[in-house]
$ cat upload30.txt   # compact mmCIF, C-alpha atoms
# COMPACT_ATOMS: atom_id res chain seq x y z
CA MET A 1 17.92 20.31 19.44
CA GLU A 2 17.10 19.96 23.13
CA SER A 3 19.12 17.53 25.25
CA ILE A 4 17.88 13.99 24.72
CA GLU A 5 18.36 11.09 27.08
CA ILE A 6 19.03 7.95 25.06
CA ASN A 7 19.37 4.20 25.56
CA LYS A 8 15.65 3.57 25.93
CA THR A 9 14.39 0.45 24.18
CA THR A 10 11.08 1.76 22.82
CA ASP A 11 9.79 5.00 21.37
CA GLU A 12 7.46 6.00 24.23
CA PHE A 13 10.14 8.13 25.86
CA TYR A 14 10.77 10.13 22.67
CA LEU A 15 7.24 10.97 21.52
CA ASN A 16 7.57 14.40 23.14
CA LEU A 17 9.99 15.29 20.31
CA LEU A 18 7.27 15.01 17.67
CA PRO A 19 4.61 17.74 18.25
CA ASN A 20 6.34 20.37 16.09
CA ILE A 21 7.00 18.03 13.16
CA ASP A 22 4.92 19.26 10.23
CA ILE A 23 3.24 16.68 8.00
CA SER A 24 1.29 17.01 4.74
CA PRO A 25 1.36 13.48 3.35
CA ILE A 26 1.13 12.63 -0.31
CA PHE A 27 -1.13 9.60 -0.71
CA ILE A 28 -0.96 6.95 -3.41
CA MET A 29 -4.57 5.90 -3.80
CA GLY A 30 -5.53 2.72 -5.59
CA ASP A 31 -7.18 -0.63 -5.13
CA HIS A 32 -5.27 -3.71 -4.00
CA ARG A 33 -3.35 -5.28 -6.92
CA SER A 34 -3.74 -2.13 -9.04
CA GLY A 35 0.00 -1.40 -9.13
CA THR A 36 0.36 0.69 -5.97
CA THR A 37 3.58 -1.10 -4.95
CA LEU A 38 5.17 -0.61 -8.36
CA LEU A 39 4.27 3.09 -8.36
CA TYR A 40 5.49 3.50 -4.79
CA LYS A 41 8.84 1.86 -5.58
CA LEU A 42 9.38 3.99 -8.70
CA LEU A 43 8.57 7.24 -6.92
CA VAL A 44 10.78 6.35 -3.96
CA ALA A 45 13.61 5.58 -6.40
CA THR A 46 13.58 9.23 -7.53
CA GLN A 47 14.93 10.11 -4.05
CA CYS A 48 12.33 12.87 -3.71
CA PHE A 49 10.37 11.35 -0.84
CA ASN A 50 10.42 9.98 2.65
CA PHE A 51 8.36 6.79 2.85
CA VAL A 52 7.10 3.94 5.02
CA LYS A 53 9.22 0.81 4.64
CA ALA A 54 8.94 -2.77 5.89
CA TYR A 55 11.43 -2.02 8.66
CA HIS A 56 9.15 0.70 10.04
CA ILE A 57 6.22 -1.72 10.22
CA ILE A 58 8.07 -4.65 11.75
CA LYS A 59 9.97 -2.48 14.26
CA TYR A 60 7.40 0.28 14.69
CA LYS A 61 7.72 0.57 18.47
CA GLU A 62 11.46 1.27 18.32
CA ILE A 63 12.17 3.30 15.18
CA LEU A 64 12.74 6.55 17.10
CA SER A 65 14.84 4.79 19.70
CA ASN A 66 16.96 3.03 17.07
CA TYR A 67 17.52 6.31 15.23
CA LEU A 68 18.47 8.32 18.31
CA ASN A 69 20.65 5.56 19.73
CA LYS A 70 22.34 5.14 16.34
CA THR A 71 21.36 1.46 16.15
CA GLU A 72 19.08 1.80 13.13
CA ASN A 73 21.56 0.38 10.60
CA LYS A 74 22.40 -2.50 12.93
CA VAL A 75 18.72 -3.40 13.43
CA ILE A 76 18.01 -3.15 9.70
CA LYS A 77 20.96 -5.42 8.98
CA GLU A 78 19.69 -7.92 11.55
CA LEU A 79 16.23 -7.78 9.99
CA ASP A 80 17.73 -8.42 6.57
CA GLN A 81 19.58 -11.42 7.99
CA LEU A 82 16.30 -12.67 9.46
CA LEU A 83 14.64 -12.45 6.05
CA ARG A 84 17.49 -14.42 4.51
CA SER A 85 17.42 -17.04 7.31
CA LEU A 86 13.71 -17.56 6.62
CA ASN A 87 14.44 -17.90 2.88
CA ILE A 88 12.36 -14.82 2.22
CA ASN A 89 13.55 -13.54 -1.14
CA ASN A 90 10.32 -11.98 -2.40
CA ARG A 91 6.72 -11.38 -1.42
CA ILE A 92 5.68 -14.54 -3.35
CA ILE A 93 2.35 -13.05 -4.42
CA ASP A 94 4.05 -10.78 -6.96
CA ASN A 95 7.76 -11.68 -6.92
CA VAL A 96 8.65 -8.23 -5.56
CA GLU A 97 11.97 -8.47 -3.71
CA ALA A 98 11.44 -8.46 0.05
CA THR A 99 13.89 -6.26 1.95
CA PRO A 100 13.71 -4.10 5.09
CA ASP A 101 13.68 -1.05 2.78
CA LEU A 102 10.74 -2.18 0.65
CA PRO A 103 8.04 0.55 0.55
CA GLU A 104 5.00 -0.85 2.34
CA GLU A 105 1.45 -0.06 3.48
CA TYR A 106 0.78 1.87 6.67
CA GLY A 107 -2.44 -0.11 7.12
CA PHE A 108 -0.45 -2.91 8.76
CA ILE A 109 0.61 -0.57 11.56
CA LEU A 110 -2.98 0.49 12.17
CA LYS A 111 -4.28 -3.09 12.22
CA ASN A 112 -1.42 -4.39 14.37
CA ARG A 113 -2.57 -1.96 17.07
CA GLY A 114 -6.14 -3.28 16.90
CA TYR A 115 -7.69 -0.67 14.61
CA GLU A 116 -9.16 -0.85 11.12
CA PHE A 117 -6.77 -1.05 8.16
CA TYR A 118 -8.14 2.24 6.79
CA LEU A 119 -7.93 5.68 8.34
CA ASN A 120 -10.77 6.79 10.59
CA SER A 121 -11.32 8.96 13.66
CA GLU A 122 -10.22 6.18 16.04
CA ASN A 123 -6.80 5.50 14.52
CA LEU A 124 -6.00 8.93 13.11
CA PHE A 125 -3.74 9.74 16.07
CA LEU A 126 -1.64 6.66 15.35
CA PHE A 127 -1.23 7.56 11.68
CA ILE A 128 -0.17 11.09 12.61
CA GLU A 129 2.33 9.62 15.05
CA LEU A 130 3.67 7.34 12.32
CA CYS A 131 4.05 10.22 9.87
CA LYS A 132 5.86 12.36 12.43
CA LYS A 133 8.16 9.49 13.34
CA ILE A 134 9.14 8.93 9.71
CA GLN A 135 9.73 12.63 9.11
CA PHE A 136 11.76 12.97 12.30
CA ILE A 137 14.18 10.18 11.36
CA SER A 138 14.31 11.13 7.67
CA ASN A 139 15.17 14.15 5.54
CA LEU A 140 12.83 16.90 6.70
CA ASP A 141 13.19 18.65 3.35
CA ARG A 142 11.43 15.79 1.60
CA PRO A 143 7.66 15.25 1.61
CA LEU A 144 6.25 12.03 3.02
CA LEU A 145 4.80 9.62 0.45
CA VAL A 146 2.47 6.91 1.76
CA LYS A 147 0.18 4.24 0.38
CA ASN A 148 -2.53 2.01 1.76
CA PRO A 149 -5.08 0.45 -0.63
CA TRP A 150 -7.58 0.08 2.21
CA CYS A 151 -7.94 3.89 2.16
CA PHE A 152 -8.84 4.06 -1.53
CA PRO A 153 -12.62 3.86 -0.85
CA HIS A 154 -12.26 6.38 1.98
CA PHE A 155 -10.24 9.15 0.33
CA ILE A 156 -12.76 11.88 1.08
CA TYR A 157 -12.27 11.31 4.81
CA VAL A 158 -8.49 11.38 4.27
CA LYS A 159 -8.80 14.69 2.45
CA LYS A 160 -11.00 16.08 5.21
CA VAL A 161 -8.45 15.38 7.94
CA PHE A 162 -5.46 16.33 5.76
CA PRO A 163 -6.79 19.23 3.66
CA LYS A 164 -3.33 20.09 2.30
CA SER A 165 -2.65 16.54 1.14
CA LYS A 166 -2.17 15.52 -2.49
CA PHE A 167 -3.45 12.31 -4.04
CA ILE A 168 -1.90 10.16 -6.76
CA PHE A 169 -4.61 7.84 -8.02
CA ILE A 170 -3.51 4.70 -9.85
CA HIS A 171 -5.95 2.69 -11.94
CA ARG A 172 -5.66 -0.69 -13.62
CA HIS A 173 -8.12 -2.58 -15.77
CA PRO A 174 -10.42 -4.03 -13.09
CA LEU A 175 -10.51 -7.42 -14.78
CA HIS A 176 -6.79 -7.76 -14.07
CA VAL A 177 -7.24 -6.38 -10.54
CA ILE A 178 -9.92 -8.96 -9.79
CA ASN A 179 -7.82 -11.76 -11.26
CA SER A 180 -4.74 -10.72 -9.28
CA LYS A 181 -6.70 -10.30 -6.03
CA LEU A 182 -8.03 -13.85 -6.26
CA LYS A 183 -4.60 -15.31 -7.00
CA ALA A 184 -2.87 -13.36 -4.23
CA THR A 185 -5.51 -14.11 -1.59
CA ARG A 186 -5.57 -17.81 -2.39
CA SER A 187 -1.79 -17.90 -2.32
CA ILE A 188 -1.42 -16.40 1.16
CA LEU A 189 -4.18 -18.65 2.54
CA ALA A 190 -2.89 -21.87 0.95
CA ALA A 191 0.44 -21.70 2.77
CA LYS A 192 1.87 -19.34 5.34
CA ASN A 193 3.69 -16.46 3.68
CA PRO A 194 6.59 -15.68 6.05
CA TYR A 195 7.01 -12.12 4.75
CA VAL A 196 3.36 -11.22 5.29
CA ALA A 197 3.54 -12.88 8.71
CA LEU A 198 6.28 -10.44 9.74
CA LEU A 199 4.12 -7.48 8.72
CA SER A 200 0.69 -8.58 9.90
CA GLN A 201 -0.26 -9.93 13.31
CA MET A 202 -3.77 -10.63 12.02
CA TYR A 203 -2.39 -12.82 9.25
CA THR A 204 -0.23 -14.76 11.72
CA GLN A 205 -3.26 -15.34 13.95
CA ILE A 206 -5.23 -16.80 11.03
CA PHE A 207 -2.70 -19.61 10.80
CA GLU A 208 -3.00 -20.21 14.53
CA LYS A 209 -6.77 -20.75 14.14
CA PRO A 210 -7.52 -23.54 11.61
CA VAL A 211 -11.27 -22.89 11.63
CA GLN A 212 -10.78 -19.20 10.82
CA ARG A 213 -8.32 -20.04 8.05
CA PHE A 214 -10.77 -22.59 6.60
CA PHE A 215 -13.49 -19.93 6.63
CA TYR A 216 -11.32 -17.48 4.65
CA GLN A 217 -10.26 -20.19 2.23
CA ALA A 218 -13.91 -21.03 1.58
CA LEU A 219 -14.79 -17.36 1.22
CA TYR A 220 -12.24 -16.91 -1.58
CA SER A 221 -12.59 -20.35 -3.14
CA SER A 222 -13.78 -21.22 -6.63
CA TYR A 223 -16.75 -23.15 -5.25
CA PHE A 224 -20.00 -21.54 -6.41
CA ASN A 225 -17.81 -18.63 -7.58
CA LEU A 226 -17.67 -17.42 -3.97
CA GLY A 227 -14.26 -15.77 -4.29
CA LEU A 228 -15.03 -14.22 -7.64
CA ARG A 229 -18.33 -12.78 -6.47
CA ARG A 230 -16.65 -11.32 -3.41
CA VAL A 231 -13.86 -9.54 -5.27
CA ILE A 232 -16.25 -8.31 -7.98
CA GLN A 233 -18.41 -6.80 -5.25
CA GLN A 234 -15.34 -5.17 -3.68
CA SER A 235 -14.28 -3.74 -7.03
CA VAL A 236 -17.75 -2.38 -7.81
CA GLN A 237 -17.90 -0.70 -4.40
CA SER A 238 -14.45 0.89 -4.57
CA THR A 239 -14.70 2.04 -8.19
CA THR A 240 -18.20 3.42 -7.65
CA TYR A 241 -16.90 5.34 -4.66
CA PHE A 242 -14.15 6.81 -6.82
CA LEU A 243 -16.54 7.88 -9.58
CA GLN A 244 -18.99 9.43 -7.14
CA ASN A 245 -16.41 11.37 -5.14
CA VAL A 246 -13.41 12.26 -7.28
CA ASP A 247 -15.06 15.45 -8.53
CA LEU A 248 -15.31 16.65 -4.93
CA LEU A 249 -11.54 17.08 -4.93
CA PRO A 250 -9.94 20.25 -6.33
CA ASN A 251 -8.25 19.50 -9.65
CA THR A 252 -5.03 20.91 -8.22
CA ASP A 253 -4.95 18.30 -5.46
CA TYR A 254 -4.88 15.04 -7.39
CA VAL A 255 -3.53 13.34 -10.46
CA SER A 256 -4.60 10.02 -12.01
CA VAL A 257 -2.35 7.54 -13.79
CA LYS A 258 -2.86 4.09 -15.24
CA TYR A 259 -0.87 1.01 -14.34
CA GLU A 260 -0.68 0.19 -18.03
CA ASP A 261 0.91 3.57 -18.79
CA ILE A 262 3.47 3.03 -16.03
CA CYS A 263 4.42 -0.29 -17.59
CA HIS A 264 4.71 1.05 -21.13
CA HIS A 265 5.92 4.60 -20.45
CA PRO A 266 7.42 4.59 -16.93
CA LYS A 267 9.70 7.61 -17.29
CA ALA A 268 7.06 9.88 -18.81
CA THR A 269 4.46 8.78 -16.27
CA ILE A 270 6.71 9.30 -13.25
CA PHE A 271 7.91 12.66 -14.55
CA SER A 272 4.29 13.79 -15.01
CA ILE A 273 3.61 12.95 -11.36
CA LEU A 274 6.72 14.80 -10.18
CA GLN A 275 5.71 17.80 -12.28
CA PHE A 276 2.26 17.76 -10.67
CA LEU A 277 3.95 17.79 -7.25
CA GLY A 278 6.46 20.47 -8.24
CA LEU A 279 9.43 18.14 -7.77
CA GLN A 280 12.41 17.03 -9.84
CA SER A 281 13.98 13.60 -9.69
CA LYS A 282 17.25 13.48 -7.75
CA ALA A 283 18.28 10.18 -9.35
CA ASP A 284 19.19 9.26 -12.90
CA LEU A 285 17.13 6.13 -13.38
CA ALA A 286 16.84 3.65 -16.22
CA TYR A 287 13.10 3.32 -15.71
CA GLU A 288 12.58 0.58 -18.26
CA THR A 289 14.90 -1.73 -16.32
CA LEU A 290 12.80 -1.25 -13.19
CA ILE A 291 9.71 -2.72 -14.84
CA GLU A 292 9.47 -6.48 -15.03
CA PRO A 293 6.97 -7.47 -17.76
CA ARG A 294 4.39 -9.99 -16.62
CA SER A 295 1.93 -11.97 -18.64
CA VAL A 296 -1.65 -12.02 -17.37
CA ASN A 297 -3.10 -15.50 -17.13
CA LEU A 298 -6.76 -15.27 -16.27
CA LEU A 299 -8.24 -17.76 -13.86
CA PRO A 300 -10.89 -20.03 -15.46
CA GLU A 301 -13.76 -18.44 -13.52
CA VAL A 302 -12.58 -14.94 -14.44
CA GLN A 303 -12.33 -15.94 -18.09
CA ARG A 304 -15.86 -17.39 -18.00
CA LYS A 305 -17.29 -14.23 -16.41
CA TYR A 306 -15.27 -11.89 -18.61
CA LYS A 307 -18.18 -10.00 -20.17
CA HIS A 308 -20.22 -10.04 -16.97
CA ILE A 309 -17.38 -8.38 -15.04
CA CYS A 310 -16.95 -5.73 -17.71
CA GLN A 311 -20.68 -5.04 -17.67
CA GLU A 312 -20.69 -4.70 -13.87
CA LEU A 313 -17.82 -2.22 -14.06
CA LYS A 314 -18.80 -0.46 -17.26
CA PRO A 315 -18.97 3.09 -15.79
CA TYR A 316 -15.42 2.79 -14.43
CA LEU A 317 -14.12 1.22 -17.64
CA SER A 318 -15.67 4.00 -19.70
CA TYR A 319 -14.30 6.72 -17.41
CA HIS A 320 -10.74 5.48 -17.96
CA GLY A 321 -11.08 4.59 -21.62
CA TYR A 322 -10.82 0.84 -21.10
CA ASP A 323 -12.58 -1.50 -23.50
CA THR A 324 -16.09 -2.12 -22.15
CA GLU A 325 -16.77 -5.10 -24.38
CA GLY A 326 -14.35 -7.43 -22.64
CA GLY A 327 -11.14 -6.65 -24.47
CA VAL A 328 -8.11 -5.56 -22.49
$ encode --input "upload30.txt" --output "structure tokens"
Amino acid sequence: MESIEINKTTDEFYLNLLPNIDISPIFIMGDHRSGTTLLYKLLVATQCFNFVKAYHIIKYKEILSNYLNKTENKVIKELDQLLRSLNINNRIIDNVEATPDLPEEYGFILKNRGYEFYLNSENLFLFIELCKKIQFISNLDRPLLVKNPWCFPHFIYVKKVFPKSKFIFIHRHPLHVINSKLKATRSILAAKNPYVALLSQMYTQIFEKPVQRFFYQALYSSYFNLGLRRVIQQSVQSTTYFLQNVDLLPNTDYVSVKYEDICHHPKATIFSILQFLGLQSKADLAYETLIEPRSVNLLPEVQRKYKHICQELKPYLSYHGYDTEGGV
């Protein structure tokens, strides 16, 4: 490696080290609350992948500098201490343990720099920079695994700009996705979630602007079924996009799995994904112990609109073999 001057506080000085870093990301593609975090965590646990973690998002401007100056472990430890000092034990919305090493969504990095959450021509350079940073500081022999639910209804663009990329689609019964979206959104708007605040500047700003927060609360409230109608519309749009475009992908470039299969058959499901990618797990995992069973308690408005939701999403339900009459 060429001689490198160190002791700079940000990454700007080191970006010239990245041009020759090769990237062909593997994308987890799925809607919000469809199980993308669970799938990401399980795949990362196989030790086959490099990945984007909470530390990379919170300290994005200094991850190269910390690595080259050998302060990465120190900064991660300090970040962990910060989480503990703020009494951040989990993400609250799903009880997933919050740590600096938690696999997270690259969309936060895009949005924190003033771009859209999803990949497009304006922020593509930043995503490429992110990928090269992660590969540079990680094991170059491992592929980079990323996830960002905001890109699920834009996967054709992603494939266009990364033609060698592979997709892992995850699907969950949309009734449960809708129910979980409503609960999670209302939770993070009802009270400030300190973990999300560390990841998202936009979220922090919402709590600095009471009128804006009130607007979002109203938008996802139960009044006049506003929140329900909004998330149903989002689900119809994203699932329709999937159905209309998935056949445009070569069969060799994607695999689809169900959240329900991950919960009931985690080892077999993860191994099928690794086989698709031509990889073998480097860790001996007790997969069943990594899955925490959760009961699904439907919100009253979701329960009332049960059959209506299933009718709205019937093509998607049929495609995946879900019950289209309202049974889950």
$ closest_residue --input "upload30.txt" --among "A:Leu83, A:Val161, A:Leu38, A:Val236" --to "Tyr55 in chain A" --atoms "only C-alpha atoms"
A:Leu83
$ axis_aligned_box --input "upload30.txt" --around "range 168-178 of chain A" --padding-each-side "4 Å" --output "AutoDock Vina command-line options"
--center_x -6.2 --center_y 0.6 --center_z -11.3 --size_x 16.6 --size_y 27.1 --size_z 17.0
$ closest_atom_pairs --input "upload30.txt" --of "range 205-227 of chain A" --to "range 298-308 of chain A" --cutoff "10 Å" --atoms "all atoms listed in the file" --output "Markdown table"
| residue | atom | partner | partner_atom | distance |
| --- | --- | --- | --- | --- |
| A:Ser222 | CA | A:Glu301 | CA | 7.4 |
| A:Tyr223 | CA | A:Glu301 | CA | 10.0 |
| A:Phe224 | CA | A:Glu301 | CA | 10.0 |
| A:Asn225 | CA | A:Glu301 | CA | 7.2 |
| A:Gly227 | CA | A:Glu301 | CA | 9.6 |
$ write_last_selection --input "upload30.txt" --atoms "C-alpha atoms" --output "PDB file, in the coordinates of the input"
ATOM      1  CA  SER A 222     -13.780 -21.220  -6.630  1.00  0.00           C
ATOM      2  CA  TYR A 223     -16.750 -23.150  -5.250  1.00  0.00           C
ATOM      3  CA  PHE A 224     -20.000 -21.540  -6.410  1.00  0.00           C
ATOM      4  CA  ASN A 225     -17.810 -18.630  -7.580  1.00  0.00           C
ATOM      5  CA  GLY A 227     -14.260 -15.770  -4.290  1.00  0.00           C
TER       6      GLY A 227
END
$ closest_residue --input "upload30.txt" --among "A:Ile93, A:Ile137, A:Ala98, A:Leu279" --to "Glu72 in chain A" --atoms "only C-alpha atoms"
A:Ile137
$ closest_atom_pairs --input "upload30.txt" --of "range 260-313 of chain A" --to "range 141-152 of chain A" --cutoff "12 Å" --atoms "all atoms listed in the file" --output "JSON lines"
{"residue": "A:Leu274", "atom": "CA", "partner": "A:Pro143", "partner_atom": "CA", "distance": 11.8}
{"residue": "A:Leu277", "atom": "CA", "partner": "A:Pro143", "partner_atom": "CA", "distance": 9.9}
{"residue": "A:Gly278", "atom": "CA", "partner": "A:Pro143", "partner_atom": "CA", "distance": 11.2}
{"residue": "A:Leu279", "atom": "CA", "partner": "A:Arg142", "partner_atom": "CA", "distance": 9.9}
{"residue": "A:Gln280", "atom": "CA", "partner": "A:Arg142", "partner_atom": "CA", "distance": 11.5}
{"residue": "A:Ser281", "atom": "CA", "partner": "A:Arg142", "partner_atom": "CA", "distance": 11.8}
{"residue": "A:Lys282", "atom": "CA", "partner": "A:Arg142", "partner_atom": "CA", "distance": 11.3}
$ closest_residue --input "upload30.txt" --among "A:Asn73, A:Val246, A:His173, A:Cys48" --to "Asn139 in chain A" --atoms "all atoms listed in the file"
A:Cys48
$ residues_around --input "upload30.txt" --residues "Arg230 in chain A" --least-positions-apart "4" --cutoff "10 Å" --atoms "only C-alpha atoms" --output "PyMOL selection string"
chain A and resi 178+182+219-221+225-226+234-235
$ write_last_selection --input "upload30.txt" --atoms "C-alpha atoms" --output "short mmCIF file (atom, residue, chain, number, x, y, z; two decimals), in the coordinates of the input"
data_model
loop_
_atom_site.label_atom_id
_atom_site.label_comp_id
_atom_site.auth_asym_id
_atom_site.auth_seq_id
_atom_site.Cartn_x
_atom_site.Cartn_y
_atom_site.Cartn_z
CA ILE A 178 -9.92 -8.96 -9.79
CA LEU A 182 -8.03 -13.85 -6.26
CA LEU A 219 -14.79 -17.36 1.22
CA TYR A 220 -12.24 -16.91 -1.58
CA SER A 221 -12.59 -20.35 -3.14
CA ASN A 225 -17.81 -18.63 -7.58
CA LEU A 226 -17.67 -17.42 -3.97
CA GLN A 234 -15.34 -5.17 -3.68
CA SER A 235 -14.28 -3.74 -7.03
#
$ closest_residue --input "upload30.txt" --among "A:Asn20, A:Ser256, A:Leu102, A:Pro194" --to "Thr37 in chain A" --atoms "only C-alpha atoms"
A:Leu102
$ closest_residue --input "upload30.txt" --among "A:Gln233, A:Ser34, A:Gln275, A:Asn112" --to "Tyr203 in chain A" --atoms "all atoms listed in the file"
A:Asn112
$ closest_residue --input "upload30.txt" --among "A:Val255, A:Ala218, A:Val44, A:Val177" --to "Leu189 in chain A" --atoms "only C-alpha atoms"
A:Ala218
$ residues_around --input "upload30.txt" --residues "Lys77 in chain A" --least-positions-apart "6" --cutoff "12 Å" --atoms "all atoms listed in the file" --output "ChimeraX atom specification"
/A:55,71,83-84,99-101
$ write_last_selection --input "upload30.txt" --atoms "C-alpha atoms" --output "JSON list (two decimals), in the coordinates of the input"
[["chain", "number", "residue", "atom", "x", "y", "z"],
["A", 55, "TYR", "CA", 11.43, -2.02, 8.66],
["A", 71, "THR", "CA", 21.36, 1.46, 16.15],
["A", 83, "LEU", "CA", 14.64, -12.45, 6.05],
["A", 84, "ARG", "CA", 17.49, -14.42, 4.51],
["A", 99, "THR", "CA", 13.89, -6.26, 1.95],
["A", 100, "PRO", "CA", 13.71, -4.10, 5.09],
["A", 101, "ASP", "CA", 13.68, -1.05, 2.78]]
$ atom_distance --input "upload30.txt" --atom1 "CA of Glu292 in chain A" --atom2 "CA of Asn95 in chain A"
9.8 Å
$ decode --input "upload30.txt" --residues "range 272-285 of chain A" --atoms "N, CA, C and O atoms" --output "compact mmCIF listing (two decimals), in the first residue's frame"
# COMPACT_ATOMS: atom_id res chain seq x y z
N SER A 272 -30.30 -21.77 2.00
CA SER A 272 -30.74 -21.67 0.61
C SER A 272 -30.26 -20.36 -0.02
O SER A 272 -29.90 -20.32 -1.20
N ILE A 273 -30.21 -19.30 0.79
CA ILE A 273 -29.71 -18.02 0.29
C ILE A 273 -28.21 -18.10 0.03
O ILE A 273 -27.71 -17.65 -1.01
N LEU A 274 -27.48 -18.70 0.96
CA LEU A 274 -26.03 -18.84 0.78
C LEU A 274 -25.72 -19.70 -0.44
O LEU A 274 -24.77 -19.41 -1.19
N GLN A 275 -26.50 -20.74 -0.64
CA GLN A 275 -26.30 -21.59 -1.82
C GLN A 275 -26.53 -20.80 -3.09
O GLN A 275 -25.77 -20.93 -4.06
N PHE A 276 -27.56 -19.97 -3.11
CA PHE A 276 -27.83 -19.11 -4.26
C PHE A 276 -26.65 -18.19 -4.56
O PHE A 276 -26.29 -17.95 -5.72
N LEU A 277 -25.99 -17.72 -3.50
CA LEU A 277 -24.86 -16.80 -3.64
C LEU A 277 -23.53 -17.52 -3.82
O LEU A 277 -22.50 -16.88 -4.04
N GLY A 278 -23.54 -18.85 -3.73
CA GLY A 278 -22.31 -19.61 -3.86
C GLY A 278 -21.40 -19.48 -2.67
O GLY A 278 -20.17 -19.52 -2.80
N LEU A 279 -21.99 -19.34 -1.47
CA LEU A 279 -21.22 -19.15 -0.25
C LEU A 279 -21.52 -20.25 0.76
O LEU A 279 -22.55 -20.92 0.66
N GLN A 280 -20.62 -20.43 1.71
CA GLN A 280 -20.83 -21.36 2.81
C GLN A 280 -20.64 -20.63 4.12
O GLN A 280 -19.72 -19.81 4.27
N SER A 281 -21.50 -20.91 5.07
CA SER A 281 -21.42 -20.24 6.37
C SER A 281 -20.07 -20.52 7.02
O SER A 281 -19.57 -21.64 7.01
N LYS A 282 -19.49 -19.48 7.62
CA LYS A 282 -18.22 -19.62 8.33
C LYS A 282 -18.44 -19.73 9.84
O LYS A 282 -17.47 -19.76 10.61
N ALA A 283 -19.70 -19.79 10.25
CA ALA A 283 -20.03 -19.85 11.68
C ALA A 283 -21.00 -20.99 11.93
O ALA A 283 -21.89 -21.26 11.11
N ASP A 284 -20.82 -21.65 13.04
CA ASP A 284 -21.73 -22.72 13.44
C ASP A 284 -22.80 -22.10 14.34
O ASP A 284 -22.56 -21.84 15.52
N LEU A 285 -23.96 -21.84 13.77
CA LEU A 285 -24.98 -21.09 14.49
C LEU A 285 -26.16 -21.98 14.90
O LEU A 285 -26.57 -22.87 14.16
